[in-house]
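Participant: Sharing a structure here in structure tokens format.
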Amino acid sequence: MRLRPWSRRRAREAELDAELRSHLEMAVQDRVERGETLEEAEAAVRREFGNAGLIKEVTREMWGWMWLEQILQDVRYGARFLRRAPGFTSVAVLTLALGIGANTAIFSVVDAVLLRALPYRDADRLVTLWEDNRSGNHPRNVTSAANFLELQSQAKSFEEMAAFFDMRLNLTGAGEPVAVPIQVGTTNLFTVLGANAMLGRTFTAEDGEPGHGNVIVLSYGFWQRQFGGARDVIGKTVALDGANVTIIGVMPADFKWFIKENSRSGQPPELWVPTRLRQARGRYLSSVGRLKPGVTLAEAQAELNTIMSRLGQEQPEYNANMGVTLVGVREQLAGEIKTPLLVLLGAVAFVLLIACANVANLMLARAASRSKEIAIRAALGAGGGRIIRQLLTESLLLSLMGGALGVGLAMWGVAALVALSPPNLIGSEQVGVSLPVLGFTLGVSILTGVVFGLLPALEASRTDANEALKETGRGNTRSRRSRRARAAFVVVQIALALVLLVGAGLMVRSFTRLVAVDPGFDPKNLLTLRVQLPARKYKEDPKVVNFYRQATEQLASLPGVRSVSLANYLPFYTGLGARTAFTIEGQPAPAPDKRPSTDVRVTDENYFRTLGIPVLQGRTFTQQEATEDRHTIVISEALARKYFPGENPLGKRIAVTMMENPPMNEIIGVVADVKYDKLDAEAYPMVYWTLPQLTYSEMTLVVRTEGDPLALAAPARRVIQSIDPAQPVADLRTMESWVGESVARARFGTLLLTVFACIALLLASVGIYGVTAYTVTQRTHEIGIRVALGAQASDVLRLIVGHGMRLALIGVAVGVGGALLLTRVLGTLLFGVSPTDLATFISVASVLMLVTFLACYMPARRATKVDPMLALRSE
Amino acid sequence: MPKKTPYRNRIELLQGTLDLLILQTLQWGPQHGYGISQAIRVNSGEVLQVDTGSLYPALHRLERQKAISAEWKISENNQQVKVYRLTANGKKQLANERSRWEQLSEAIGHALNPQKKESEV
């Protein structure tokens, strides 16, 4: 029973007072009885007795729960102090809330993306597996079924290996026909991942066998949306591309398995379909393996490389110069977002440090104005440790209030982050202010409180009671030391702000370069719509060709349409395109790993006109060539430049390996390069075919409109459904939105970094303003004397602003050094800008100097208005 | 700024001895804090001056250890005083501390005069 009610406590305090009082009285009485006067006796007893306050405190400590009592006392006292200074408190709390809130928001994303446990058993043993295409300089290439089966049967480092690929299929039999992103996987996929169904079951080995009924497993989200979360879906039959499939399971809500890299649909799968791999050489598979316990990634990698180089010797035309790349599954999933996320985490840490420096400066200024109060407390028996504890309690109170407000800001911030973030960048449903995030915030708040509170507290505890009580507020060692500390804080703030601003400046420059890149076509006023014809219904190629011929002609006859075309993959399509090797007629066959390679697009006679791709040489397809195979092709400038340097490619013939025994095709034209994948990548060589030459059942139609493309969305959908009412339409959107999406990641990162840099600049300028304003008040007396001695307003301005600018210069110098070291981490995120870009550094430094100047100028102006008589009398 | 020795250190220095002296004083009957300090002073031939800043923390600590108990009484001069008395627990503690003290002082005596010890043997 160490904790007693407060009433007991109060009674005990009163008892202690009475006990000590009776002691004093008895001592005085004794002395009076020995013949001293009452006054003499009382004085002597007090001298003997010593510091009553301290005696009480030490005695109270014997009661055993002093620490709690003191903390509560400190908290009460601190709260009272903060209430008495509402301006100081709200500025400090707001500043900290900004810093802590930004950290909490970014950390909640870091937690969801990089830290949280993955929904797979022993996830640290899971690796994705790619072919390392060394001659193509593509370390994460998709693998072929033949190679996957070889690796699977020969590798000893793995418990099990599964292969999968994404695609889209049309789902009918459950409401409106929809094109659904699906994942086709070997039947052991869920076993390898160690994930079980929430409802029903996942695949068994028999599910992939021919003769067994087709089955599918639903994702939780799709089950909710398409089937309303009905538990009786198990056993139900729906149609995928016209084939009946039975639903056998539903995965849990937290399960997701989507490897964005090399995904052909570019979208998380809504359902899973089992497959059985056959020996085939086309490369299209992604793979995942579970390492045996104790086997390291490097060991497994070495083993697979050995197997792969043996395959390369056995089948050089197919596997020469190939290796295997293994990637830990967490690394793979975090992928492209990891670096920007860590950069942002660093940025918000900087913002918080600036906020800390601001609040520390505020505290120093407060401590100076409280030095008398603190001196009195020291004189009344508060030890140095006790005063430090008291002031630290105050700063912790501030930081915890800032943290609480910061969590509120972060909740709002996370919602904004998720809303603004490009699709599929972060698993939005999983990002939130969770328990670990709150733990992080609490930790950061406490750390923050200590960081900004310790120096002012130490400073205040050094108060010499005699000096402080005598002092008139000027010229003593204490305020000199505080002044130096304040100057140091300003320098640190400016340096940190400069680093952030340089980072943001580089990102902005990089982004403006990126969006200024000419994509090679005109993306304005273009509408896209993807159509995937079910293979079962459109078995023969002419049927497919005929459907698309009808579709393009009818779309072209819509009012407001200029022209219509189509392609298997339009520019900035998010999925995996087609790339393959080719041979040039009349040239000796190069070594297998040195064969020329090209991307392939399948299209029609209107493509280049519709997209606005300039024709550089020769001609494009005729309508005859687009309706029947005449073995003619159009190539891109990059292909011509790379493989026909200094020659006229027209009339030359090449064979593109998109099929067994590829025919020789004649080059009839050369068109300008188009950025098909990314604006920041060089255009890859490209071959254009027509649909009859290589028939794809999945094509994206593209419509050049007079006005707003979306106005034609509904009529365009009606056209498709008038040809085939069961045919769903997907990706009905503008071409500009595709281009925008391709730079969305860069835009998002740039936006966030810029926001944080602006917060940093704001906080730093508030800090500089505050310190200068404080200096002006401190030096009013001195300024008064200077003015009385004949100093002009300009002299006073020069004095005050000069001081601030000197600090700013030092801060900029330190910041430039830091930025030179730190912007290197941005290297991979920048496009067309060097991390040490001189123009950025100069403009950022100038902006910062200008802001500092303004922040100093405003208080300095006030200093010029000092009335010497008033200033001198104020002492 | 002159360096002050915190009170706490002084208590710790004296702790064992002061506790012993307090318990010994209370063996002769209940007494208040002032009375205890006077008794120690007188009984030590005016040598030991008990510091108030050590006495009250020690009393409150002993009370918490249940070696002594306290109650409020009216003194001869009609004052409210807090009077401490030895508990059964305290008596045991006194016996223990006495014998420890005797061992200690004997040992210190030997350590300070080793030759004498040799010559006696």
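Identifiers for the structure tokens are assigned positionally: chains receive A, B, ... in sequence, residues are indexed from 1 per chain, and ligands are indexed from 1 in the order shown.
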Under the rule of at most 7 Å, produce a per-residue listing of chain B near chain A: chain, number, name, the closest pair of atoms, and the distance in Å, as JSON lines, using only C-alpha atoms.
Facilitator:
{"residue": "B:Met1", "atom": "CA", "partner": "A:Asp464", "partner_atom": "CA", "distance": 6.6}
{"residue": "B:Gly33", "atom": "CA", "partner": "A:His23", "partner_atom": "CA", "distance": 6.8}
{"residue": "B:Tyr34", "atom": "CA", "partner": "A:His23", "partner_atom": "CA", "distance": 5.3}
{"residue": "B:Thr52", "atom": "CA", "partner": "A:Phe49", "partner_atom": "CA", "distance": 6.0}
{"residue": "B:Gly53", "atom": "CA", "partner": "A:Ile55", "partner_atom": "CA", "distance": 5.0}
{"residue": "B:Tyr56", "atom": "CA", "partner": "A:Thr59", "partner_atom": "CA", "distance": 6.0}
{"residue": "B:Pro57", "atom": "CA", "partner": "A:Thr59", "partner_atom": "CA", "distance": 4.1}
{"residue": "B:His60", "atom": "CA", "partner": "A:Met62", "partner_atom": "CA", "distance": 6.0}
{"residue": "B:Arg61", "atom": "CA", "partner": "A:Met62", "partner_atom": "CA", "distance": 5.2}
{"residue": "B:Arg64", "atom": "CA", "partner": "A:Trp63", "partner_atom": "CA", "distance": 6.9}
{"residue": "B:Val81", "atom": "CA", "partner": "A:Ser22", "partner_atom": "CA", "distance": 6.3}
{"residue": "B:Lys82", "atom": "CA", "partner": "A:Glu19", "partner_atom": "CA", "distance": 6.1}
Participant: Those same residues - N, CA and C atoms - I'd like them written as an mmCIF file, in the first residue's frame.
Facilitator:
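Here's the written file out_17.cif:
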data_model
loop_
_atom_site.group_PDB
_atom_site.id
_atom_site.type_symbol
_atom_site.label_atom_id
_atom_site.label_comp_id
_atom_site.auth_asym_id
_atom_site.auth_seq_id
_atom_site.Cartn_x
_atom_site.Cartn_y
_atom_site.Cartn_z
ATOM 1 N N MET B 1 29.835 30.070 -7.513
ATOM 2 C CA MET B 1 28.743 29.490 -6.708
ATOM 3 C C MET B 1 29.314 28.417 -5.777
ATOM 4 N N GLY B 33 10.825 14.199 18.461
ATOM 5 C CA GLY B 33 12.043 14.446 17.691
ATOM 6 C C GLY B 33 13.028 15.346 18.416
ATOM 7 N N TYR B 34 12.533 16.465 18.943
ATOM 8 C CA TYR B 34 13.424 17.395 19.632
ATOM 9 C C TYR B 34 14.061 16.722 20.836
ATOM 10 N N THR B 52 18.931 18.477 12.199
ATOM 11 C CA THR B 52 17.490 18.294 11.971
ATOM 12 C C THR B 52 17.225 17.686 10.603
ATOM 13 N N GLY B 53 18.031 18.121 9.616
ATOM 14 C CA GLY B 53 17.857 17.646 8.250
ATOM 15 C C GLY B 53 18.161 16.169 8.101
ATOM 16 N N TYR B 56 14.841 14.038 10.963
ATOM 17 C CA TYR B 56 13.457 13.767 10.568
ATOM 18 C C TYR B 56 13.361 12.771 9.417
ATOM 19 N N PRO B 57 14.220 12.889 8.406
ATOM 20 C CA PRO B 57 14.178 11.820 7.398
ATOM 21 C C PRO B 57 14.417 10.451 8.028
ATOM 22 N N HIS B 60 11.280 9.273 9.876
ATOM 23 C CA HIS B 60 10.217 8.870 8.959
ATOM 24 C C HIS B 60 10.558 7.570 8.244
ATOM 25 N N ARG B 61 11.857 7.366 8.020
ATOM 26 C CA ARG B 61 12.250 6.124 7.370
ATOM 27 C C ARG B 61 12.047 4.944 8.322
ATOM 28 N N ARG B 64 8.533 4.049 8.507
ATOM 29 C CA ARG B 64 8.084 3.276 7.365
ATOM 30 C C ARG B 64 8.550 1.825 7.480
ATOM 31 N N VAL B 81 2.629 17.386 20.268
ATOM 32 C CA VAL B 81 3.917 16.854 19.812
ATOM 33 C C VAL B 81 3.730 15.450 19.262
ATOM 34 N N LYS B 82 4.603 15.122 18.320
ATOM 35 C CA LYS B 82 4.541 13.783 17.732
ATOM 36 C C LYS B 82 5.570 12.936 18.473
#
Participant: Taking only stretch 530-740 of chain A into account, list the residues labelled strand (DSSP E) by DSSP (computed from the backbone), as a compact mmCIF listing (two decimals) with C-alpha atoms, in the first residue's frame.
Facilitator:
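Below is the file that was written, selection23.txt:
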# COMPACT_ATOMS: atom_id res chain seq x y z
CA ARG A 530 -9.61 -1.93 -74.20
CA VAL A 531 -11.46 -4.89 -75.59
CA GLN A 532 -10.55 -8.47 -74.91
CA VAL A 561 -14.47 11.57 -84.18
CA ARG A 562 -11.52 12.44 -86.43
CA SER A 563 -9.92 9.05 -86.73
CA VAL A 564 -9.76 5.68 -85.02
CA SER A 565 -7.05 3.07 -84.68
CA LEU A 566 -5.94 0.31 -82.35
CA ALA A 567 -2.86 -1.43 -80.96
CA ARG A 579 9.76 -7.79 -76.94
CA THR A 580 11.53 -10.34 -79.06
CA ALA A 581 14.57 -11.10 -81.21
CA PHE A 582 14.79 -10.64 -84.98
CA THR A 583 17.17 -11.48 -87.81
CA ILE A 584 18.11 -9.33 -90.79
CA SER A 597 15.85 -7.35 -80.36
CA THR A 598 12.84 -5.14 -80.76
CA ASP A 599 9.47 -4.34 -79.26
CA VAL A 600 6.47 -5.30 -81.34
CA ARG A 601 3.18 -3.49 -81.84
CA VAL A 602 0.25 -4.78 -83.79
CA THR A 603 -1.91 -2.09 -85.38
CA VAL A 615 6.45 9.37 -90.82
CA LEU A 616 10.15 9.94 -91.56
CA GLN A 617 10.75 7.71 -94.58
CA GLY A 618 8.71 5.62 -96.98
CA THR A 632 5.14 -5.62 -94.77
CA ILE A 633 6.28 -3.79 -91.65
CA VAL A 634 7.00 -0.28 -90.44
CA ILE A 635 9.98 0.31 -88.16
CA SER A 636 10.90 3.05 -85.72
CA ARG A 653 13.69 -7.61 -94.95
CA ILE A 654 13.73 -8.89 -91.39
CA ALA A 655 12.22 -11.89 -89.60
CA VAL A 656 10.76 -11.17 -86.16
CA MET A 664 10.64 -12.35 -93.80
CA ASN A 665 8.87 -8.99 -93.76
CA GLU A 666 9.71 -6.02 -95.93
CA ILE A 667 10.34 -2.64 -94.34
CA ILE A 668 8.06 -0.12 -96.04
CA GLY A 669 8.49 2.89 -93.77
CA VAL A 670 10.29 4.50 -90.87
CA VAL A 671 8.36 6.48 -88.23
CA MET A 686 10.07 -0.91 -82.52
CA VAL A 687 8.46 -2.95 -85.27
CA TYR A 688 4.85 -2.28 -86.28
CA TRP A 689 2.80 -5.15 -87.68
CA THR A 690 -0.75 -5.31 -88.81
CA GLU A 698 -6.89 -8.22 -76.69
CA MET A 699 -6.55 -4.80 -78.34
CA THR A 700 -6.89 -1.24 -77.20
CA LEU A 701 -8.88 1.03 -79.48
CA VAL A 702 -7.83 4.66 -79.66
CA VAL A 703 -10.11 7.46 -80.85
CA ARG A 704 -8.93 10.94 -81.93
CA THR A 705 -11.77 13.32 -81.06
CA VAL A 729 -15.06 -2.66 -72.29
CA ALA A 730 -12.20 -1.73 -69.98
CA ASP A 731 -9.85 1.26 -69.58
CA LEU A 732 -12.31 3.72 -71.07
CA ARG A 733 -10.23 6.82 -70.38
CA THR A 734 -8.18 9.57 -71.96
Participant: Do a neighbour search on B:Ser69 at 12 Å with only C-alpha atoms, toss out local chain neighbours closer than 6 positions, and write the hits as a PDB file with C-alpha atoms, in the first residue's frame.
Facilitator:
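Result file follows (part_4.pdb):
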ATOM      1  CA  LEU B  23      16.526   3.310  18.552  1.00  0.00           C
ATOM      2  CA  LEU B  26      13.775   5.303  22.403  1.00  0.00           C
ATOM      3  CA  PRO B  30       8.700   7.256  24.002  1.00  0.00           C
ATOM      4  CA  GLN B  31      10.112  10.588  22.926  1.00  0.00           C
ATOM      5  CA  HIS B  32       9.525  13.361  20.345  1.00  0.00           C
ATOM      6  CA  LEU B  59      12.602   9.063  11.904  1.00  0.00           C
ATOM      7  CA  HIS B  60      10.217   8.870   8.959  1.00  0.00           C
ATOM      8  CA  ARG B  61      12.250   6.124   7.370  1.00  0.00           C
ATOM      9  CA  LEU B  62      12.307   4.077  10.586  1.00  0.00           C
ATOM     10  CA  GLU B  63       8.577   4.612  10.881  1.00  0.00           C
ATOM     11  CA  LYS B  82       4.541  13.783  17.732  1.00  0.00           C
ATOM     12  CA  VAL B  83       5.933  11.074  19.959  1.00  0.00           C
ATOM     13  CA  TYR B  84       7.831   8.038  18.683  1.00  0.00           C
ATOM     14  CA  ARG B  85       8.039   4.693  20.463  1.00  0.00           C
ATOM     15  CA  LEU B  86       9.987   1.522  19.821  1.00  0.00           C
ATOM     16  CA  THR B  87       8.035  -1.398  18.323  1.00  0.00           C
ATOM     17  CA  ALA B  88       8.789  -5.087  18.829  1.00  0.00           C
ATOM     18  CA  ASN B  89      10.323  -4.971  15.400  1.00  0.00           C
ATOM     19  CA  GLY B  90      12.464  -2.042  16.452  1.00  0.00           C
ATOM     20  CA  LYS B  91      13.712  -3.864  19.511  1.00  0.00           C
TER      21      LYS B  91
END
Participant: With DSSP run on the backbone, what are the helix (DSSP H, G or I) residues within stretch 525-709 of chain A? I'd like them as a PyMOL selection string.
Facilitator: chain A and resi 541-556+592-594+607-611+623-627+637-643+709
Participant: Output C-alpha atoms of each residue in that selection to a file, as a CSV table (one decimal), in the first residue's frame.
Facilitator:
chain,number,residue,atom,x,y,z
A,541,ASP,CA,-8.1,-15.1,-86.4
A,542,PRO,CA,-10.3,-13.7,-89.2
A,543,LYS,CA,-13.2,-13.5,-86.8
A,544,VAL,CA,-11.0,-11.3,-84.5
A,545,VAL,CA,-9.8,-9.2,-87.4
A,546,ASN,CA,-13.3,-8.7,-88.6
A,547,PHE,CA,-14.6,-7.7,-85.1
A,548,TYR,CA,-11.9,-5.0,-84.8
A,549,ARG,CA,-12.4,-3.8,-88.4
A,550,GLN,CA,-16.1,-3.4,-87.7
A,551,ALA,CA,-15.4,-1.6,-84.4
A,552,THR,CA,-12.9,0.9,-85.8
A,553,GLU,CA,-15.2,1.7,-88.8
A,554,GLN,CA,-18.3,2.2,-86.6
A,555,LEU,CA,-16.3,4.3,-84.1
A,556,ALA,CA,-15.0,6.4,-86.9
A,592,PRO,CA,22.7,-16.1,-79.8
A,593,ASP,CA,23.1,-13.5,-77.1
A,594,LYS,CA,24.0,-10.7,-79.5
A,607,TYR,CA,-2.4,4.3,-86.3
A,608,PHE,CA,0.3,6.9,-87.1
A,609,ARG,CA,-2.2,9.5,-88.3
A,610,THR,CA,-4.5,8.9,-85.2
A,611,LEU,CA,-1.7,9.3,-82.7
A,623,GLN,CA,-5.9,-0.7,-96.0
A,624,GLN,CA,-5.2,-3.9,-97.9
A,625,GLU,CA,-2.1,-4.5,-95.8
A,626,ALA,CA,-4.2,-4.0,-92.7
A,627,THR,CA,-6.9,-6.5,-93.7
A,637,GLU,CA,13.8,5.5,-86.1
A,638,ALA,CA,15.6,3.9,-83.1
A,639,LEU,CA,15.6,0.5,-84.9
A,640,ALA,CA,16.7,2.1,-88.2
A,641,ARG,CA,19.5,4.0,-86.4
A,642,LYS,CA,20.7,1.0,-84.4
A,643,TYR,CA,20.6,-1.8,-87.0
A,709,PRO,CA,-12.6,12.7,-75.4
Participant: Which neighbours of A:Phe255 fall inside 8 Å, counting only C-alpha atoms, when residues of the same chain fewer than 3 positions from it are skipped, and could you give them as a list of chain:residue names?
Facilitator: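 The contact residues come out as A:Pro119, A:Ala195, A:Ser219, A:Tyr220, A:Met251, A:Pro252.
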Participant: Output N, CA and C atoms for every residue in that selection, as a short mmCIF file (atom, residue, chain, number, x, y, z; two decimals), in the first residue's frame.
Facilitator:
data_model
loop_
_atom_site.label_atom_id
_atom_site.label_comp_id
_atom_site.auth_asym_id
_atom_site.auth_seq_id
_atom_site.Cartn_x
_atom_site.Cartn_y
_atom_site.Cartn_z
N PRO A 119 1.61 -11.15 -45.26
CA PRO A 119 0.60 -12.19 -45.01
C PRO A 119 1.00 -13.55 -45.57
N ALA A 195 -0.31 -19.54 -47.60
CA ALA A 195 -1.54 -18.79 -47.32
C ALA A 195 -2.72 -19.72 -47.51
N SER A 219 -10.36 -13.17 -54.59
CA SER A 219 -9.80 -12.28 -53.58
C SER A 219 -10.94 -11.78 -52.70
N TYR A 220 -10.60 -11.37 -51.49
CA TYR A 220 -11.61 -10.90 -50.55
C TYR A 220 -12.38 -9.70 -51.13
N MET A 251 -10.00 -15.84 -50.49
CA MET A 251 -8.81 -15.56 -49.67
C MET A 251 -9.17 -14.54 -48.58
N PRO A 252 -8.38 -14.53 -47.48
CA PRO A 252 -8.67 -13.55 -46.41
C PRO A 252 -8.42 -12.11 -46.85
#
Participant: Considering only C-alpha atoms, return as a list in words whatever protein or nucleic-acid residues lie within 9 Å of stretch 101-103 of chain B, sequence-local ones (same chain, fewer than 4 positions apart) excluded.
Facilitator: Gly16, Thr17, Leu20, Asn96, Glu97, Ala107 and Ile108 of chain B
Participant: Could those selected residues go to a file with C-alpha atoms, as a tab-separated table (two decimals), in the first residue's frame?
Facilitator:
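Generated output (selection.tsv):
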chain	number	residue	atom	x	y	z
B	16	GLY	CA	23.39	3.20	10.24
B	17	THR	CA	24.75	5.08	13.27
B	20	LEU	CA	21.12	3.00	16.11
B	96	ASN	CA	21.01	-6.52	15.69
B	97	GLU	CA	22.44	-3.11	15.08
B	107	ALA	CA	37.24	-4.37	14.25
B	108	ILE	CA	38.01	-0.70	13.68
Participant: Using only C-alpha atoms, which protein or nucleic acid residues come within 12 Å of B:Val47? Drop anything in the same chain fewer than 5 positions from it, and give the result as an mmCIF file with C-alpha atoms, in the first residue's frame.
Facilitator:
data_model
loop_
_atom_site.group_PDB
_atom_site.id
_atom_site.type_symbol
_atom_site.label_atom_id
_atom_site.label_comp_id
_atom_site.auth_asym_id
_atom_site.auth_seq_id
_atom_site.Cartn_x
_atom_site.Cartn_y
_atom_site.Cartn_z
ATOM 1 C CA SER B 37 18.112 15.103 19.452
ATOM 2 C CA GLN B 38 18.632 16.581 22.933
ATOM 3 C CA ALA B 39 19.054 13.126 24.488
ATOM 4 C CA ILE B 40 21.677 12.158 21.938
ATOM 5 C CA ARG B 41 23.498 15.426 22.508
ATOM 6 C CA VAL B 42 23.482 15.083 26.281
#
Participant: Taking 6 positions as the minimum chain separation for residues in the same chain, which residues sit within 8 Å of stretch 283-292 of chain A when counting only C-alpha atoms? Answer as a list in words.
Facilitator: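 So, after excluding close chain neighbours, the residues are Arg125, Leu126, Val127, Thr128, Leu129, Trp130, Val142, Thr143, Ser144, Ala145, Phe148, Ser157, Phe158, Glu159, Glu160, Met161, Ala162, Ala163, Phe164, Phe165, Val192, Leu193, Asn262 and Ala300 of chain A.
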Participant: Have a look at A:Ala44, A:Leu218, A:Leu712, A:Leu797 and name the one nearest to A:Pro269; count only C-alpha atoms.
Facilitator: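 Nearest to A:Pro269: A:Leu218.
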